[in-house]
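J.: Once you've had a glance at the structure underneath, I'll fire off some questions.
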Amino acid sequence: MKRFTTLLTALCLCLASMAFTKVNKSIEITVNGLQRSYWLYVPDGCPTNAPLVIAMHGTTGHSTDNSPRFNEIADKEKFIVAYPQGRELYFPVFGGNATGWEATGEYSEDVEFIRSVVTEISDKYKVDRKRVYCCGFSNGGMNTYSLTNFCTDIFAAFASISGFPINEFHHRHVSACPVPFLHIHGKADDFVKYSLVPAVIDNMVARNGACPVPERTSVAGKYDKNVYAAQDGGFPVIFYEVDGMGHNDFTTNTEEGNSSLTMWNFFKQYTLDSPCDTTLKWKPCIETENYEPKKHGWIVNAATVLLMFGRDQKTSANQNVYRSLQFTDGTYKLCFKSEGEEGTKLSVKLTKQTGNHNSVIDQDVTVGENHTIFFKVDDGWGEYRLTIKRPSSSDVVKITDMAIYTATEEEATAIETVKKSPCKGITAVYSLCGTLLSSVQKGLCIVKSEDGSVRKVFNK
């Protein structure tokens, strides 16, 4: 019995040594030669392998604000919180400098800073790197959106309260993969305008391939909760529209009665191992029952235009917030199905709306086939317009299962092989192989003849 008691005591001491005492202080860090800081909160008794939440303040804010507010929740749930300090930046809306984030959607010093903070804390406190989460208030929320472009390898889920990219922070939706995303916004917010949020949510829903018709729960005087459910390969998007809330970093008008707890409960469902199709770039699901494409930026059945998306641009009214289709450098594939009178030809164009305005797709396809059209972007980020036309306004054609994916390495290699062969370009593959490209999402193999020409294209 004495030996058992001794072993039990030793075990308890060992377990105690694996827990950390409370930390609540500012930490200095040098990133790329710049002196930066963050406020670190480690709850008393926090174990090793705990989750980490990165929470970013709004413009003019400070890490000492501890905004958004997670400390009390961290005490109960035993996770670590870091509140990074933004830099002095010029904000046109204020007409001067203020502390904040370079939430442009481009890689920046702030991206390097956030990644360094995660690494430093993870190394020191043995954080569970599969359970690291990102959120922010106002301009911090804008930066949360921006970080979805560059940090899907370190953050398992994202949330924003009262913040989405506007004006010079027009969001570039080009992340490497779908991401779980929660957005909380006050209906009385006329600073980062509530009226503009739907366009941002539409973009995120299509980017995640989520169901575009939400399951909506309303509690009078508190909130409308919209759940855009996850579908194959993607993640959900959740949008709270909060009654009586202005431009604030906290509200009690959520399901949990605490907006930070709502974020935490959303976060903890996900890890970096949560499965998704990492090649998915855009899947609007416009054929979904009860979805009305025209209300979400689409032109449908207008004369010979069967479908068009991506025509909006910045105005003073929309503050650079609109529904758009965006890509950075890479090789992609547009996939869709068409139904209608056999033999009808459709014209498919994907044209850049920024920069050189070139068309990366300009091709005819035949109704009744499953279509996969490859395209390449090699001149940097841009916004694009997708147009599918029919020969006559009387032609009845239905488009379904439309999506854009990043081409796999094998597919990209195969395309380059085709381009270098005597048969020029991807159109040559279609003319040789017809519908053999219909299910190319699962992989593609091109076998070359001895003379270098394409001999066969088939699925693995």
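The way I read the labels, and the way they are meant: chains A, B, ... in the order of the structure tokens, residue 1 as the first residue of every chain, and ligand 1 as the first ligand shown, with later ones counted on from there.
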Fewer than 5 positions away in the same chain doesn't count, so skip those; otherwise give me all residues within 8 Å of Leu40 in chain A, counting only C-alpha atoms, as a PyMOL selection string.

T.: chain A and resi 23-27+80-83

J.: For the selection just defined, write its residues with N, CA and C atoms to a file, as a PDB file, in the first residue's frame.

T.:
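Result file is out10.pdb:
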```pdb
ATOM      1  N   VAL A  23       0.092  32.918 -16.871  1.00  0.00           N
ATOM      2  CA  VAL A  23       0.889  33.963 -17.520  1.00  0.00           C
ATOM      3  C   VAL A  23      -0.078  34.997 -18.073  1.00  0.00           C
ATOM      4  N   ASN A  24       0.188  36.278 -17.791  1.00  0.00           N
ATOM      5  CA  ASN A  24      -0.685  37.354 -18.271  1.00  0.00           C
ATOM      6  C   ASN A  24       0.171  38.600 -18.465  1.00  0.00           C
ATOM      7  N   LYS A  25       0.888  38.636 -19.603  1.00  0.00           N
ATOM      8  CA  LYS A  25       1.860  39.717 -19.783  1.00  0.00           C
ATOM      9  C   LYS A  25       2.172  39.936 -21.258  1.00  0.00           C
ATOM     10  N   SER A  26       2.846  41.054 -21.521  1.00  0.00           N
ATOM     11  CA  SER A  26       3.286  41.391 -22.880  1.00  0.00           C
ATOM     12  C   SER A  26       4.612  40.688 -23.168  1.00  0.00           C
ATOM     13  N   ILE A  27       4.733  40.187 -24.395  1.00  0.00           N
ATOM     14  CA  ILE A  27       5.937  39.479 -24.830  1.00  0.00           C
ATOM     15  C   ILE A  27       6.508  40.199 -26.047  1.00  0.00           C
ATOM     16  N   ILE A  80      -4.693  28.456 -24.555  1.00  0.00           N
ATOM     17  CA  ILE A  80      -3.844  29.649 -24.510  1.00  0.00           C
ATOM     18  C   ILE A  80      -4.379  30.690 -25.494  1.00  0.00           C
ATOM     19  N   VAL A  81      -4.279  31.956 -25.115  1.00  0.00           N
ATOM     20  CA  VAL A  81      -4.703  33.052 -25.995  1.00  0.00           C
ATOM     21  C   VAL A  81      -3.536  34.011 -26.199  1.00  0.00           C
ATOM     22  N   ALA A  82      -3.347  34.425 -27.440  1.00  0.00           N
ATOM     23  CA  ALA A  82      -2.366  35.471 -27.744  1.00  0.00           C
ATOM     24  C   ALA A  82      -3.089  36.618 -28.440  1.00  0.00           C
ATOM     25  N   TYR A  83      -2.816  37.847 -27.961  1.00  0.00           N
ATOM     26  CA  TYR A  83      -3.393  39.060 -28.552  1.00  0.00           C
ATOM     27  C   TYR A  83      -2.259  39.848 -29.200  1.00  0.00           C
TER      28      TYR A  83
END
```

J.: Per residue of range 66-128 of chain A within 9 Å of range 43-54 of chain A, what are the shortest atom pair and its distance in Å to one decimal, counting only C-alpha atoms, with rows by chain and residue number, as CSV?

T.:
```
residue,atom,partner,partner_atom,distance
A:Phe70,CA,A:Val53,CA,8.5
A:Asn71,CA,A:Pro43,CA,7.8
A:Glu72,CA,A:Pro43,CA,8.8
A:Ala74,CA,A:Pro43,CA,6.4
A:Asp75,CA,A:Pro43,CA,5.2
A:Lys76,CA,A:Pro43,CA,8.5
A:Glu77,CA,A:Cys46,CA,8.9
A:Lys78,CA,A:Cys46,CA,5.2
A:Phe79,CA,A:Pro51,CA,5.0
A:Ile80,CA,A:Leu52,CA,4.8
A:Val81,CA,A:Val53,CA,4.8
A:Ala82,CA,A:Ile54,CA,5.0
A:Tyr83,CA,A:Ile54,CA,6.1
A:Pro84,CA,A:Ile54,CA,7.4
A:Ile114,CA,A:Ile54,CA,8.2
A:Val117,CA,A:Ile54,CA,8.8
A:Val118,CA,A:Ile54,CA,7.9
A:Ile121,CA,A:Leu52,CA,8.5
A:Ser122,CA,A:Leu52,CA,8.1
A:Tyr125,CA,A:Thr48,CA,6.3
A:Lys126,CA,A:Thr48,CA,5.4
A:Val127,CA,A:Asn49,CA,4.6
A:Asp128,CA,A:Asn49,CA,4.4
```

J.: For CA of Ser394 in chain A and CA of Thr372 in chain A, determine how far apart the two atoms are, in Å to one decimal place.

T.: 25.3 Å

J.: Which residues, written as a ChimeraX atom specification, have at least one atom at most 9 Å from range 201-203 of chain A, with only C-alpha atoms counted and residues fewer than 6 positions away on the same chain left out?

T.: /A:173,183,212,237-239,282,284,296,322-325

J.: Counting only C-alpha atoms, give me one row per residue of range 138-243 of chain A with an atom at most 6 Å from an atom of range 275-281 of chain A, showing the shortest contact pair and its distance in Å to one decimal, sorted by chain then residue number, as JSON lines.

T.:
```
{"residue": "A:Cys177", "atom": "CA", "partner": "A:Thr278", "partner_atom": "CA", "distance": 4.6}
{"residue": "A:Arg207", "atom": "CA", "partner": "A:Lys281", "partner_atom": "CA", "distance": 5.6}
{"residue": "A:Gly233", "atom": "CA", "partner": "A:Asp277", "partner_atom": "CA", "distance": 4.3}
{"residue": "A:Gly234", "atom": "CA", "partner": "A:Cys276", "partner_atom": "CA", "distance": 5.3}
```

J.: Using only C-alpha atoms, can you tell me which of A:Pro178, A:Gly100, A:Gly163, A:Gly330 comes closest to Val192 in chain A?

T.: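 Under the stated criterion, the closest residue is A:Gly163.
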
J.: Step one, run DSSP on the backbone; step two, keep only residues of range 107-196 of chain A assigned to strand (DSSP E or B); then write them as a ChimeraX atom specification.

T.: /A:132-137,157-161,181-186

J.: Would you mind telling me which residue in A:Asp249, A:Asp153, A:Glu106, A:Asp312 lies nearest to Cys135 in chain A when using only C-alpha atoms?

T.: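 Among the listed residues, A:Asp249 lies closest to Cys135 in chain A.
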
J.: Given only C-alpha atoms as the basis, pick out the residue of A:Ala176, A:Ser359, A:Lys314, A:Val213 nearest to Asn290 in chain A.

T.: A:Val213

J.: Taking 3 positions as the minimum chain separation for residues in the same chain, which residues sit within 7 Å of range 241-247 of chain A when counting only C-alpha atoms? Answer as a VMD selection string.

T.: chain A and resid 162 184 to 189 191 221 to 225 253

J.: Could you name the residues that touch Cys335 in chain A at 12 Å or less, counting only C-alpha atoms, but leaving out those on the same chain fewer than 5 positions away, as number ranges by chain?

T.: A: 280-284, 348, 365, 369-375, 399-407, 437-441

J.: Given the selection you just returned, output its residues as a file containing N, CA and C atoms, formatted as a tab-separated table (two decimals), in the first residue's frame.

T.:
```
chain	number	residue	atom	x	y	z
A	280	LEU	N	-10.27	22.38	-54.07
A	280	LEU	CA	-11.48	23.15	-54.34
A	280	LEU	C	-11.24	24.64	-54.22
A	281	LYS	N	-11.58	25.39	-55.27
A	281	LYS	CA	-11.42	26.85	-55.27
A	281	LYS	C	-12.75	27.59	-55.27
A	282	TRP	N	-13.76	27.01	-55.88
A	282	TRP	CA	-15.03	27.75	-56.05
A	282	TRP	C	-16.10	26.77	-56.49
A	283	LYS	N	-17.21	26.74	-55.76
A	283	LYS	CA	-18.32	25.85	-56.10
A	283	LYS	C	-19.62	26.53	-55.68
A	284	PRO	N	-20.27	27.24	-56.60
A	284	PRO	CA	-21.41	28.08	-56.22
A	284	PRO	C	-22.72	27.33	-55.98
A	348	VAL	N	-17.91	29.08	-73.83
A	348	VAL	CA	-17.46	29.28	-72.45
A	348	VAL	C	-16.26	30.23	-72.46
A	365	VAL	N	-18.16	24.02	-76.15
A	365	VAL	CA	-18.40	22.64	-75.71
A	365	VAL	C	-19.77	22.21	-76.20
A	369	GLU	N	-22.55	16.64	-72.43
A	369	GLU	CA	-21.31	16.06	-71.95
A	369	GLU	C	-20.99	16.57	-70.55
A	370	ASN	N	-20.16	15.84	-69.84
A	370	ASN	CA	-19.53	16.37	-68.63
A	370	ASN	C	-18.28	17.11	-69.08
A	371	HIS	N	-18.14	18.33	-68.64
A	371	HIS	CA	-17.09	19.18	-69.20
A	371	HIS	C	-15.98	19.45	-68.16
A	372	THR	N	-14.75	19.37	-68.61
A	372	THR	CA	-13.59	19.78	-67.82
A	372	THR	C	-12.69	20.61	-68.72
A	373	ILE	N	-12.54	21.87	-68.37
A	373	ILE	CA	-11.74	22.78	-69.17
A	373	ILE	C	-10.60	23.30	-68.30
A	374	PHE	N	-9.39	23.04	-68.71
A	374	PHE	CA	-8.22	23.50	-67.98
A	374	PHE	C	-7.86	24.92	-68.39
A	375	PHE	N	-7.34	25.68	-67.42
A	375	PHE	CA	-6.82	27.01	-67.74
A	375	PHE	C	-5.67	27.34	-66.80
A	399	ILE	N	-27.33	23.95	-66.51
A	399	ILE	CA	-25.96	23.75	-66.05
A	399	ILE	C	-25.99	23.35	-64.58
A	400	THR	N	-25.28	22.29	-64.24
A	400	THR	CA	-25.21	21.84	-62.85
A	400	THR	C	-23.77	21.45	-62.49
A	401	ASP	N	-23.56	21.27	-61.20
A	401	ASP	CA	-22.28	20.77	-60.66
A	401	ASP	C	-21.08	21.61	-61.12
A	402	MET	N	-21.29	22.91	-61.21
A	402	MET	CA	-20.19	23.78	-61.62
A	402	MET	C	-19.21	23.97	-60.47
A	403	ALA	N	-17.93	23.86	-60.77
A	403	ALA	CA	-16.90	24.06	-59.76
A	403	ALA	C	-15.56	24.33	-60.44
A	404	ILE	N	-14.68	25.00	-59.71
A	404	ILE	CA	-13.31	25.22	-60.18
A	404	ILE	C	-12.37	24.63	-59.14
A	405	TYR	N	-11.41	23.86	-59.63
A	405	TYR	CA	-10.42	23.20	-58.78
A	405	TYR	C	-9.02	23.58	-59.24
A	406	THR	N	-8.08	23.47	-58.30
A	406	THR	CA	-6.68	23.52	-58.69
A	406	THR	C	-6.35	22.19	-59.37
A	407	ALA	N	-5.69	22.25	-60.50
A	407	ALA	CA	-5.29	21.02	-61.17
A	407	ALA	C	-4.25	20.29	-60.33
A	437	LEU	N	-12.19	13.20	-70.99
A	437	LEU	CA	-11.76	14.11	-69.93
A	437	LEU	C	-12.87	14.39	-68.92
A	438	SER	N	-14.02	13.73	-69.03
A	438	SER	CA	-15.18	14.10	-68.25
A	438	SER	C	-15.01	13.95	-66.76
A	439	SER	N	-14.28	12.98	-66.31
A	439	SER	CA	-14.11	12.75	-64.88
A	439	SER	C	-12.69	12.93	-64.43
A	440	VAL	N	-12.05	13.91	-65.02
A	440	VAL	CA	-10.61	14.08	-64.82
A	440	VAL	C	-10.24	14.51	-63.40
A	441	GLN	N	-11.26	14.84	-62.57
A	441	GLN	CA	-10.98	15.26	-61.21
A	441	GLN	C	-10.18	14.21	-60.44
```

J.: So which one's closest to Ala206 in chain A, A:Val360, A:Ile286, A:Leu261, A:Ala156? Using only C-alpha atoms, please.

T.: A:Ile286

J.: What lies within 10 Å of Lys345 in chain A using only C-alpha atoms, ignoring chain neighbours under 4 positions off, as a VMD selection string?

T.: chain A and resid 341 364 to 368 389 to 391

J.: Could you tell me which of A:Thr59, A:Lys337, A:Thr271, A:Thr148 comes closest to Asn97 in chain A if we count only C-alpha atoms?

T.: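 So, comparing all the options, the nearest one is A:Thr59.
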